[in-house]
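What follows is a set of notes on a single structure, which appears directly below.
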Amino acid sequence: MNTEAIERALRAVEPHSRGEFSAWDGGTLPLVAPADEAEAQAFMRAADGLVILPIGNGTKLDWCALPTRADLVFSTRRLVGLVAYEPAEGVLVARAGTDLAAIARQLRPDHQRIAPDVAHPARCTIGGAFAAAQMGADRLRRGTWRDAILGTRVLEADGQITQSGGRLVKNVTGYDLFRLHGGAHGALGIVLELSLRLWPDPPECVWLERDKMEPGSALEALAAAARAAPAASRLALFEETDGWRAVVHIEGRPRALAAARTGALRALGTARTFDGDEARAQAASARDHEAVVLPDGRMRWPLLEALGPPHASASALAALRSAAIACSIRGRLIVDGALGRCVFVADGYPEPEAVRAFARALAADTILRDHILRWRGAPPSVRRELTGPPPPGADVMARLVAAFDPAGRFARGRLHPQL
Amino acid sequence: MSDNGTPTSFLDRARAERLVTDLARIVGPRAVVADQERLSTYESDGLALYRHRPWLVVLPRNTPEAAAVMARLAQDELPIVPRGAGTGLTGGASPVRGGAVVSTSRMRDLIELDVQGRYARVQAGLVNADLTHACSKHGLFFAPDPSSQQACTLGGNVANNSGGPHCFKYGSTVRHVLGLVAVDAKGSVLDLGEPRCEPAGLDLVGALVGSEGTLALITEVTLRLLPAPERVETLLAVFGELSEACDTVTALIAQQLEPSAIEILDRLTIEAVEASVYRAGYPVDAGAVLLLDVEGTAAEVEELIEALEEVVRAHGGRELTRAANAADRGHLWAGRKGAFGALGRVAPDLYVTDAVVPRTRLAELVAGTTAICRELGLKLANVFHAGDGNLHPNICYDGRDADEVRRVLEAGQRIQDLCLAAGGSLSGEHGLGLEKRDGMCALFNQSDLDSMGRLRTAFDPARRMNPDKLLPTRPCMEVRTPRVAVRGEVRD
């Protein structure tokens with residue numbers, strides 16, 4: 001590692017913009033957290049020849065393979081605040097380091113909200129959640145980042161700041177480069193600012209839950225609830241020590257909500273009901289249930305997220321449960337059946353060998369081998385082994401990475417060892 | 001008309017004949033068009049102001065044929081212009097450098113309809129309305145519904161990220177594309193066809209949607225289908241003034257009311273529609289009407305309609321009627337969808353502009369466009385997707401009158417400048433094509449455009465895919481377009 005070059009890069013930013021980052025291997029990396037775009041650009045120019053790992057608050061580093069090399073960490077966490085917010089337009093422009101809870105607080109008085117509604121929003125920057133394409137608990141109703149993002153400003157590898165998209169809810173002007181940065185984990189550039197469409201915050205909501213259910217009948221009940229409440233925000237199944245808990249979250253205007261609630265209750269049978277703020281608290285708690293905040297402030301994410309066709313959810317759930325038992329991995333499942341999403345939350349970090357066995361079992365399973373498997377909370381030592389074959393279009397992706405970052409300024413190997 | 005539609009523009013006669021023979025071997029002789037008379041059909045898309053004749057047109061039947069065609073064209077390094085139904089309105093399918101047009105119009109299969117999984121895999125040349133027709137019997141529909149949906153192809157919709165009235169609620173095409181298959185300029189197939197809500201790696205699908213055929217030829221698309229709502233009501237609000245209708249829309253947005261479609265038609269459009277076969281029963285003495293669709297459960301619909309009624313009345317709406325039945329709804333919407341055709345009664349030609357503006361400034365900017373056309377002595381008809389701030393000032397003119405054509409183009413430029421200065425953008429759904437390409441310099445600086453160029457080069461290093469479209473062909477400093485202020489200052 002070129003210590004002199006790193007020192008030179010660090011001198012390009014103010015002393016209070018420097019820090020230290022605890023890396024995955026127990027060591028540390030120098031960190032810069034510029035306070036504004038000018039400082040960010042100055043750093044990029046001074047860090048010529050060094051490899052930079054872009055992060056927000058660094059909560060989702062476990063979602064990727066380990067980088068092949070990283071000399072410095074660039075955090076957007078001090079680039080905070082709203083650049084533009086016009087409630088009547090339903091559009092927001094925020095700096096990338098702004099945490100999602102802070103944004104939600106600013107929008108609440110205007111009955112607006114931001115989506116996706118991601119887990120632990122106070123710990124996640126908007127830029128980081130976007131760069132990781134983090135799914136929200138309200139995905140069923142409000143979709144993904146692709147449905148929300150309208151434009152970005154990005155610090156590119158050559159130190160230039162570029163923009164694409166804009167601040168309008170409908171716009172097809174130019175290439176939508178901003179979409180490429182969603183889920184790119186900073187491979188093409190560092191997102192400094194994002195514009196997003198906002199969603200109305202429905203005036204009322206209800207949370208219904210029924211526990212001690214069998215998974216098959218619970219999934220059928222949730223499917224019936226979906227028909228009764230087509231605009232439901234979440235229909236999910238949580239594995240608990242004494243069975244499965246089915247939950248339904250519905251938001252809306254008073255009379256429409258009342259009708260949907262009646263239909264959903266009929267589908268679930270007897271259910272506990274929470275309204276208003278209590279319902280919101282239940283929904284937030286269930287949303288945050290997926291990840292654990294560790295004593296050192298880091299996050300431990302579910303070991304695995306499996307995405308497949310919704311109609312295969314029951315089979316996928318059974319296959320995951322059985323593979324986990326066979327490999328002696330303890331944990332619990334969360335199933336968003338309507339989305340075809342199964343999440344396995346392990347108790348702690350399983351032993352590497354158990355994770356390897358788990359991966360082998362899943363690869364051999366006839367149902368799960370066609371699912372997209374995303375390892376989120378695996379021990380660092382096995383993460384690279386779990387990446388699987390290159391994604392479709394990997395050669396085009398490699399050309400894109402080379403086009404946007406020809407000198408390899410941003411850490412590579414994170415999306416896939418070949419990228 | 002350009003003279004580049006001759007074989008010698010690209011190849012000598014022997015090579016040209018060899019190329020036609022080889023292509024005919026791939027797709028069959030009838031699927032290669034090389035005679036001048038038939039080629040004239042492909043000189044322009046819906047924007048007839050720009051005419052360029054291709055040297056040849058090839059119509060592959062499927063992805064393997066398309067790949068073989070593209071690989072053969074690559075051998076002779078011909079420019080390639082992908083084309084769907086040719087309904088685009090910005091010259092995007094105009095073969096400005098001649099070369100080969102690769103048309104998807106023989107690729108019309110519905111490959112798979114998965115009712116349980118709520119998606120369809122289609123060939124790119126399938127017509128938009130045919131998909132919804134095919135899935136409606138299963139209680140499903142495809143949301144993007146451009147006015148040209150009876151003719152436009154789904155591949156074209158994807159290439160332009162098309163919209164339509166109901167995109168107010170459901171979003172433009174990009175929100176409904178789960179996957180696609182594309183063929184690049186060298187003939188390599190990029191298979192991203194598996195239905196995925198989220199990308200694996202970089203979001204190549206998201207980048208290809210709206211790329212206007214400049215990255216690759218899209219041959220198949222996997223599209224999300226939505227369950228038909230339990231209930232749909234169509235409302236017609238009548239206003240004395242166009243500005244009242246615009247202010248009503250601004251208020252609806254501010255109050256977060258969410259009909260599925262909010263469309264405005266002004267007096268000239270109403271008159272044209274009512275005098276045409278699309279007659280819908282719009283009141284001809286109105287200054288404007290607002291056409292609204294409200295969808296959802298019965299309770300949602302009734303609750304929302306009550307709220308809408310209040311806003312309409314508060315902003316001068318003199319009447320709010322509800323379509324009595326499905327046939328009535330059909331008539332009201334046929335009038336809206338047929339409006340562009342009906343405007344043919346006003347003048348022989350129609351210049352359809354497309355701009356997006358902040359929704360809080362609708363009335364002011366519609367008034368501005370009206371003033372520009374009045375000053376230039378042009379007939380303006382407004383029919384637009386008001387809920388999205390997507391203006392369509394339509395100028396009715398006679399293309400045989402050279403001076404009128406000049407004034408039309410001047411009006412188009414001034415309307416664009418007006419919208420950009422108000423924080424608007426060049427296009428909401430039609431794309432940039434040839435017409436608005438240089439306008440990019442008014443919105444983006446050279447670094448932004450260079451960055452977009454990197455995307456293009458990564459897909460197509462030789463830049464043979466739909467050349468001269470979407471991005472300016474010269475540096476912005478050489479393009480005489482005034483820069484608009486961003487954040488209160490002009491960025492360079």
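Just so we're on the same page: first chain in the structure tokens is A, next is B, and so on; residues restart at 1 for each chain, and ligands are numbered from 1 in the order they show up.
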
- Item | Distance filter 7 Å, only C-alpha atoms, chain A against chain B, as a PyMOL selection string | chain A and resi 88-89+147+162-164+168-177+179-180+183-184+200+255-256+259+309-310+391-393+396-397+399-400+403-404+415

Residues from the last selection, N, CA and C atoms, saved as an mmCIF file, in the first residue's frame:
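again_3.cif was written with the following content:
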```
data_model
loop_
_atom_site.group_PDB
_atom_site.id
_atom_site.type_symbol
_atom_site.label_atom_id
_atom_site.label_comp_id
_atom_site.auth_asym_id
_atom_site.auth_seq_id
_atom_site.Cartn_x
_atom_site.Cartn_y
_atom_site.Cartn_z
ATOM 1 N N ALA A 88 -46.000 20.304 -2.797
ATOM 2 C CA ALA A 88 -47.074 20.278 -3.794
ATOM 3 C C ALA A 88 -46.648 19.587 -5.091
ATOM 4 N N GLU A 89 -45.339 19.463 -5.312
ATOM 5 C CA GLU A 89 -44.845 18.765 -6.497
ATOM 6 C C GLU A 89 -44.685 17.269 -6.230
ATOM 7 N N ASP A 147 -38.670 2.542 -8.983
ATOM 8 C CA ASP A 147 -39.957 3.233 -9.089
ATOM 9 C C ASP A 147 -39.907 4.634 -8.482
ATOM 10 N N THR A 162 -21.337 14.643 -12.300
ATOM 11 C CA THR A 162 -22.278 14.626 -13.424
ATOM 12 C C THR A 162 -23.690 14.374 -12.917
ATOM 13 N N GLN A 163 -24.637 14.830 -13.694
ATOM 14 C CA GLN A 163 -26.023 14.575 -13.316
ATOM 15 C C GLN A 163 -26.767 13.895 -14.449
ATOM 16 N N SER A 164 -27.776 13.150 -14.057
ATOM 17 C CA SER A 164 -28.701 12.587 -15.048
ATOM 18 C C SER A 164 -30.086 12.619 -14.435
ATOM 19 N N LEU A 168 -38.453 15.914 -11.941
ATOM 20 C CA LEU A 168 -39.849 15.860 -12.384
ATOM 21 C C LEU A 168 -40.337 14.430 -12.300
ATOM 22 N N VAL A 169 -41.626 14.259 -12.016
ATOM 23 C CA VAL A 169 -42.132 12.897 -11.814
ATOM 24 C C VAL A 169 -42.172 12.101 -13.116
ATOM 25 N N LYS A 170 -42.160 12.797 -14.241
ATOM 26 C CA LYS A 170 -42.170 12.103 -15.523
ATOM 27 C C LYS A 170 -41.134 12.779 -16.405
ATOM 28 N N ASN A 171 -40.231 12.002 -16.975
ATOM 29 C CA ASN A 171 -39.131 12.629 -17.693
ATOM 30 C C ASN A 171 -38.379 11.548 -18.461
ATOM 31 N N VAL A 172 -38.229 11.710 -19.759
ATOM 32 C CA VAL A 172 -37.455 10.726 -20.525
ATOM 33 C C VAL A 172 -36.340 11.425 -21.298
ATOM 34 N N THR A 173 -35.709 12.391 -20.663
ATOM 35 C CA THR A 173 -34.713 13.202 -21.346
ATOM 36 C C THR A 173 -33.310 12.650 -21.122
ATOM 37 N N GLY A 174 -32.736 12.072 -22.154
ATOM 38 C CA GLY A 174 -31.373 11.545 -22.053
ATOM 39 C C GLY A 174 -31.357 10.147 -21.468
ATOM 40 N N TYR A 175 -30.151 9.585 -21.399
ATOM 41 C CA TYR A 175 -30.013 8.254 -20.807
ATOM 42 C C TYR A 175 -30.269 8.340 -19.305
ATOM 43 N N ASP A 176 -30.970 7.330 -18.800
ATOM 44 C CA ASP A 176 -31.265 7.299 -17.367
ATOM 45 C C ASP A 176 -30.115 6.634 -16.619
ATOM 46 N N LEU A 177 -28.980 7.312 -16.620
ATOM 47 C CA LEU A 177 -27.805 6.755 -15.935
ATOM 48 C C LEU A 177 -28.091 6.507 -14.460
ATOM 49 N N ARG A 179 -30.380 5.137 -12.991
ATOM 50 C CA ARG A 179 -30.847 3.788 -12.647
ATOM 51 C C ARG A 179 -29.683 2.811 -12.522
ATOM 52 N N LEU A 180 -28.622 3.060 -13.273
ATOM 53 C CA LEU A 180 -27.472 2.154 -13.205
ATOM 54 C C LEU A 180 -26.794 2.196 -11.843
ATOM 55 N N GLY A 183 -28.116 -0.201 -6.817
ATOM 56 C CA GLY A 183 -27.630 -1.578 -6.709
ATOM 57 C C GLY A 183 -26.207 -1.756 -7.185
ATOM 58 N N ALA A 184 -25.549 -0.665 -7.602
ATOM 59 C CA ALA A 184 -24.177 -0.781 -8.121
ATOM 60 C C ALA A 184 -23.139 -0.750 -7.007
ATOM 61 N N PRO A 200 -47.975 9.864 -1.110
ATOM 62 C CA PRO A 200 -48.856 10.366 -0.058
ATOM 63 C C PRO A 200 -48.783 9.449 1.162
ATOM 64 N N ARG A 255 -62.785 5.191 4.843
ATOM 65 C CA ARG A 255 -63.805 4.219 4.459
ATOM 66 C C ARG A 255 -63.214 3.069 3.646
ATOM 67 N N ALA A 256 -62.261 3.409 2.796
ATOM 68 C CA ALA A 256 -61.623 2.364 1.992
ATOM 69 C C ALA A 256 -60.870 1.407 2.914
ATOM 70 N N ALA A 259 -63.244 -1.011 4.719
ATOM 71 C CA ALA A 259 -63.704 -2.116 3.866
ATOM 72 C C ALA A 259 -62.600 -3.149 3.685
ATOM 73 N N PRO A 309 -40.526 -16.960 -7.920
ATOM 74 C CA PRO A 309 -41.930 -16.670 -8.253
ATOM 75 C C PRO A 309 -42.823 -16.781 -7.018
ATOM 76 N N PRO A 310 -43.787 -15.871 -6.885
ATOM 77 C CA PRO A 310 -44.645 -15.886 -5.694
ATOM 78 C C PRO A 310 -45.340 -17.227 -5.468
ATOM 79 N N PRO A 391 -23.788 -12.842 -13.211
ATOM 80 C CA PRO A 391 -25.174 -12.557 -13.597
ATOM 81 C C PRO A 391 -25.285 -12.433 -15.114
ATOM 82 N N PRO A 392 -26.488 -12.624 -15.668
ATOM 83 C CA PRO A 392 -26.662 -12.409 -17.109
ATOM 84 C C PRO A 392 -26.221 -10.992 -17.475
ATOM 85 N N GLY A 393 -25.495 -10.884 -18.564
ATOM 86 C CA GLY A 393 -25.023 -9.561 -18.988
ATOM 87 C C GLY A 393 -23.755 -9.130 -18.292
ATOM 88 N N VAL A 396 -21.333 -7.151 -20.397
ATOM 89 C CA VAL A 396 -21.723 -5.748 -20.606
ATOM 90 C C VAL A 396 -21.436 -4.943 -19.335
ATOM 91 N N MET A 397 -21.733 -5.542 -18.197
ATOM 92 C CA MET A 397 -21.464 -4.853 -16.932
ATOM 93 C C MET A 397 -19.968 -4.557 -16.793
ATOM 94 N N ARG A 399 -17.879 -4.097 -19.165
ATOM 95 C CA ARG A 399 -17.542 -2.992 -20.083
ATOM 96 C C ARG A 399 -17.990 -1.655 -19.488
ATOM 97 N N LEU A 400 -19.137 -1.668 -18.824
ATOM 98 C CA LEU A 400 -19.618 -0.429 -18.208
ATOM 99 C C LEU A 400 -18.678 0.022 -17.083
ATOM 100 N N ALA A 403 -15.721 1.441 -18.616
ATOM 101 C CA ALA A 403 -15.960 2.734 -19.264
ATOM 102 C C ALA A 403 -16.052 3.863 -18.240
ATOM 103 N N PHE A 404 -16.695 3.591 -17.117
ATOM 104 C CA PHE A 404 -16.879 4.643 -16.122
ATOM 105 C C PHE A 404 -15.681 4.768 -15.190
ATOM 106 N N LEU A 415 -19.606 -6.562 -6.652
ATOM 107 C CA LEU A 415 -20.840 -7.060 -7.266
ATOM 108 C C LEU A 415 -20.694 -8.538 -7.617
#
```

- Message: Please identify the strand (DSSP E or B) residues within segment 175-277 of chain A (assignment by DSSP from backbone atoms) and present them as an MDAnalysis selection string.
- Response: chainID A and resid 190:197 199:200 204:213 234:240 243:252 272:275

- Query: Do you know which residues are at most 10 Å from Pro203 of chain A counting only C-alpha atoms, after dropping those on the same chain fewer than 4 positions away, and could you put them as a ChimeraX atom specification?
  - Reply: /A:111,251-254,257,276

- DSSP helix (DSSP H, G or I) residues within segment 94-296 of chain A, listed as number ranges by chain: A: 100-110, 126-131, 139-142, 145-148, 177-181, 215-228, 254-268, 276-288

Filtering to C-alpha atoms, could you give me those residues as an mmCIF file, in the first residue's frame?
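What landed in selection-v3.cif:
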```cif
data_model
loop_
_atom_site.group_PDB
_atom_site.id
_atom_site.type_symbol
_atom_site.label_atom_id
_atom_site.label_comp_id
_atom_site.auth_asym_id
_atom_site.auth_seq_id
_atom_site.Cartn_x
_atom_site.Cartn_y
_atom_site.Cartn_z
ATOM 1 C CA LEU A 100 -33.848 8.027 5.943
ATOM 2 C CA ALA A 101 -35.412 8.629 9.350
ATOM 3 C CA ALA A 102 -34.443 12.308 9.183
ATOM 4 C CA ILE A 103 -36.058 12.600 5.773
ATOM 5 C CA ALA A 104 -39.216 10.892 7.012
ATOM 6 C CA ARG A 105 -39.414 13.367 9.901
ATOM 7 C CA GLN A 106 -39.233 16.308 7.521
ATOM 8 C CA LEU A 107 -41.940 14.913 5.274
ATOM 9 C CA ARG A 108 -44.416 13.863 7.959
ATOM 10 C CA PRO A 109 -46.018 17.286 8.576
ATOM 11 C CA ASP A 110 -46.889 17.453 4.878
ATOM 12 C CA ILE A 126 -30.442 7.453 1.458
ATOM 13 C CA GLY A 127 -27.449 7.126 -0.860
ATOM 14 C CA GLY A 128 -26.364 3.864 0.713
ATOM 15 C CA ALA A 129 -29.832 2.344 0.629
ATOM 16 C CA PHE A 130 -30.128 3.297 -3.055
ATOM 17 C CA ALA A 131 -26.640 2.085 -3.968
ATOM 18 C CA ARG A 139 -42.490 -2.961 -1.621
ATOM 19 C CA LEU A 140 -45.875 -4.483 -2.386
ATOM 20 C CA ARG A 141 -47.535 -1.054 -2.477
ATOM 21 C CA ARG A 142 -44.766 1.326 -3.465
ATOM 22 C CA TRP A 145 -35.909 2.240 -5.905
ATOM 23 C CA ARG A 146 -36.385 2.032 -9.662
ATOM 24 C CA ASP A 147 -39.957 3.233 -9.089
ATOM 25 C CA ALA A 148 -38.857 6.173 -6.962
ATOM 26 C CA LEU A 177 -27.805 6.755 -15.935
ATOM 27 C CA PHE A 178 -29.230 7.225 -12.465
ATOM 28 C CA ARG A 179 -30.847 3.788 -12.647
ATOM 29 C CA LEU A 180 -27.472 2.154 -13.205
ATOM 30 C CA HIS A 181 -26.269 3.415 -9.832
ATOM 31 C CA PRO A 215 -47.257 -22.021 6.980
ATOM 32 C CA GLY A 216 -49.432 -23.495 4.216
ATOM 33 C CA SER A 217 -52.725 -22.252 5.600
ATOM 34 C CA ALA A 218 -51.127 -18.929 6.573
ATOM 35 C CA LEU A 219 -49.944 -18.315 3.003
ATOM 36 C CA GLU A 220 -53.417 -19.156 1.713
ATOM 37 C CA ALA A 221 -54.969 -16.750 4.218
ATOM 38 C CA LEU A 222 -52.571 -14.007 3.133
ATOM 39 C CA ALA A 223 -53.430 -14.612 -0.513
ATOM 40 C CA ALA A 224 -57.108 -14.204 0.364
ATOM 41 C CA ALA A 225 -56.286 -11.035 2.315
ATOM 42 C CA ALA A 226 -54.473 -9.703 -0.748
ATOM 43 C CA ARG A 227 -57.643 -10.112 -2.789
ATOM 44 C CA ALA A 228 -59.669 -8.291 -0.133
ATOM 45 C CA PRO A 254 -60.939 5.903 6.293
ATOM 46 C CA ARG A 255 -63.805 4.219 4.459
ATOM 47 C CA ALA A 256 -61.623 2.364 1.992
ATOM 48 C CA LEU A 257 -59.480 1.150 4.878
ATOM 49 C CA ALA A 258 -62.519 -0.043 6.821
ATOM 50 C CA ALA A 259 -63.704 -2.116 3.866
ATOM 51 C CA ALA A 260 -60.249 -3.597 3.274
ATOM 52 C CA ARG A 261 -59.861 -4.385 6.969
ATOM 53 C CA THR A 262 -63.157 -6.287 7.043
ATOM 54 C CA GLY A 263 -62.115 -8.355 4.050
ATOM 55 C CA ALA A 264 -58.637 -9.061 5.416
ATOM 56 C CA LEU A 265 -60.030 -10.058 8.804
ATOM 57 C CA ARG A 266 -62.381 -12.463 7.118
ATOM 58 C CA ALA A 267 -59.395 -13.993 5.324
ATOM 59 C CA LEU A 268 -57.264 -14.306 8.453
ATOM 60 C CA GLY A 276 -53.057 4.335 13.865
ATOM 61 C CA ASP A 277 -49.779 4.914 15.677
ATOM 62 C CA GLU A 278 -49.887 1.433 17.212
ATOM 63 C CA ALA A 279 -50.186 -0.043 13.729
ATOM 64 C CA ARG A 280 -47.303 2.096 12.494
ATOM 65 C CA ALA A 281 -45.177 0.938 15.424
ATOM 66 C CA GLN A 282 -45.956 -2.709 14.673
ATOM 67 C CA ALA A 283 -45.105 -2.234 11.014
ATOM 68 C CA ALA A 284 -41.806 -0.536 11.870
ATOM 69 C CA SER A 285 -40.918 -3.234 14.357
ATOM 70 C CA ALA A 286 -41.607 -6.006 11.837
ATOM 71 C CA ARG A 287 -39.612 -4.120 9.214
ATOM 72 C CA ASP A 288 -36.617 -3.791 11.546
#
```

- What lies within 9 Å of Ile161 of chain A using only C-alpha atoms, ignoring chain neighbours under 5 positions off, as JSON, numbers by chain? {"A": [37, 41, 153, 154, 155, 156, 192], "B": [447, 448]}

- Query: With only C-alpha atoms as the basis for distance, which of A:Val293, A:Val335, A:Leu303, A:Ala46 is at the shortest distance from Arg123 of chain A?
  - Reply: A:Val293

- Message: Using only C-alpha atoms, which protein or nucleic acid residues come within 9 Å of segment 82-86 of chain B? Drop anything in the same chain fewer than 5 positions from it, and give the result as a PyMOL selection string.
- Response: chain B and resi 42+44-46+92-94+100-105+124-125+127+151-157+212-214+216-218+465-466

- Interatomic distance, atom CA of Leu320 of chain B to atom CA of Leu235 of chain B (Å, one decimal): 6.7 Å

- Find the spatial neighbours of Ala33 of chain A, counting only C-alpha atoms, within a cut-off of 8 Å - ignore same-chain residues fewer than 2 positions away - and output them as a list in words. Ser17, Arg18, Gly19, Leu31, Ala35, Phe74, Ser75, Thr76, Arg77 and Arg78 of chain A

- Query: Neighbours of Asp275 of chain A within 7 Å (only C-alpha atoms; same-chain residues fewer than 6 positions away dropped), as a PyMOL selection string?
  - Reply: chain A and resi 205-207

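A straight line drawn from atom CA of Pro67 of chain A to atom CA of Leu50 of chain A is 13.5 Å long.
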
- Message: One number please: atom CA of Met135 of chain A to atom CA of Pro389 of chain A, in Å, one decimal.
- Response: 22.6 Å

- Task: Identify which of the residues B:Pro259, B:Ile80, B:Tyr397, B:Asp403 lies closest to Val96 of chain B, counting only C-alpha atoms when measuring atom-to-atom distances.
- Result: B:Ile80
